[in-house]
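Peer 1: Have a look at this one before I ask anything.
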Amino acid sequence: MITTRSRRGFVHLWRWPTAIAILTVFGLISALIGHSGVWWGLSWAALAIPIIVIMICIQGRRRP
Amino acid sequence: MTRSMLRKWFWIHKWTSLVCTVFLLLICVTGLPLVFRDEINDLLDDSLPYASAPENTPNVSLDRLAEISRKMYPDEIILFMFSDDDEPKIVVTMAPSWKAFTENRKSAHWIKFDAHTAKILKQTKPFDEDGVRFMDVILKLHRDLFAGLPGELFMGFMALLFVIAIVSGVVIYGPFMRKLDFGTVRADRSPRLKWLDLHNMLGVVTLAWALVVGTTGVINELSKPLFGLWQMTDVKAMLAPMQGKPTPSIAELSSPQGALDKTRAALPDMIATSVVFPGATFGSPFHYLIWTKGREPLTSRLFSPVLVDARTGELTNIVTMPWYLRALEVSRPLHFGDYGGMPLKIIWALLDLVTIVVLGSGLYLWWTRRASVVSAAENELVTSNTASAPLSGQAAE
């Protein structure tokens, strides 16, 4: 049974990875279906997030 | 998660990774220049420049290019004619016969024409005599290790192991990270702990991208069997009425330009890109096969073949591609990263570099395990991170 405590642990554990994965998938799809440069721009921005997160984690060694 | 479950997943992660790592490293390293394949090929291209022509200048007739090509190589046949919608070029590929081409693809060579003037801009010798080209070597290493179809299936299997390694990595990420904040890198303790944290952080941040590129890699490696399946089912059924008729000789062939015009008239919303002559393995012995594609960003990735009777010049079929070939077509851009301009290619290359670090750090973590007490070290890792361990106040917030 999932207790409130472990559910909060799950959310704590997965909120960042899930958000980054959703942004990645959005970025991958938007450049594929996008009709204008706006969609490409959104794709670049969304896919740059994982790289920025990595840089923050390595430099700051703290939560982004 | 119970201790034995975690141990099982840990075992899956370790062994799927270990088996595929060397090949994945090769794939990642060769993938790096392949991301910029178009740019590198342009740089190495020594073709003559295109003639300047006013906009909307019509292309020369394919019939004329076929005639010029056949005069240049009277003992050879035309395999296909490809026109580019980005550049004013038409490339005619020739070989001694379809049989020779099927047995050895290197028997083919091509002539590149200026689409507006029919001037020859470049031509290659049959590939056997033309030396080895840099990007071809890189592509072969990446795709099949110079081993053809068996190599493709092998590399596809390695990509599948990579996908399983990612999924199992996700399963064991939780137990390993439950006491830590996202992105923690404990750099001040042991190098092994630092690299474990880096491996976890880099792996989970690039998770979705690596899954997509890995999965589409597996699908791309299956392209030959998938086209073969299509040939044996749908195409065979389509050609059944023609069964037994001889393949048309060159003298009997109707006009390739006519085939193209018929296709354009029937499908005005599509762009016709290439004409495959009768006899191709993945085509028809009796028809021109004209590949068409859509004009929108997504539909321009989806190709539909049209069959035109190579004797009568009549359009016989507009073929609907089966779902598995559609999946293959969508997999290509998602694997190559070539569909969103240069910034997307740069992001692709950076994520590829990150994957190299994830693979390398995984190898390092395995290498630096305490060799004499391997299982003890793993047990310690597993035990200290299973659900039975109390949650720290910080992790539970």
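Chain labels run A, B, ... following the order of the structure tokens; each chain numbers its residues from 1, and ligands are numbered from 1 in the order shown.
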Fewer than 5 positions away in the same chain doesn't count, so skip those; otherwise give me all residues within 9 Å of Ala266 of chain B, counting only C-alpha atoms, as a PyMOL selection string.

Peer 2: chain B and resi 261+315+318

Peer 1: Can you check which residues of chain A have any atom within 9 Å of chain B? Use only C-alpha atoms and format it as a VMD selection string.

Peer 2: chain A and resid 5 to 6 8 to 10 12 to 17 20 to 22 24 to 25 28 to 29 31 to 35 40 to 41 43 to 44 47 to 48 50 to 51 53 to 54 56 to 58 61 to 64

Peer 1: Excluding segment 62-68 of chain B and residues on its chain fewer than 4 positions from it, collect all residues at most 8 Å away from it, counting only C-alpha atoms, and give them as a VMD selection string.

Peer 2: chain B and resid 72 78 81 92 113 118 255 to 257

Peer 1: Enumerate the residues of segment 27-134 of chain B with a DSSP assignment of helix (DSSP H, G or I), computed from the backbone, and present them as a PyMOL selection string.

Peer 2: chain B and resi 27-35+37-44+62-72+98-103+105-107+127-129+134

Peer 1: Which residue out of B:Ile12, B:Met135, B:Leu260, B:Leu325 has the minimum interatomic distance to Asn41 of chain B when only C-alpha atoms are used?

Peer 2: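 Nearest to Asn41 of chain B: B:Met135.
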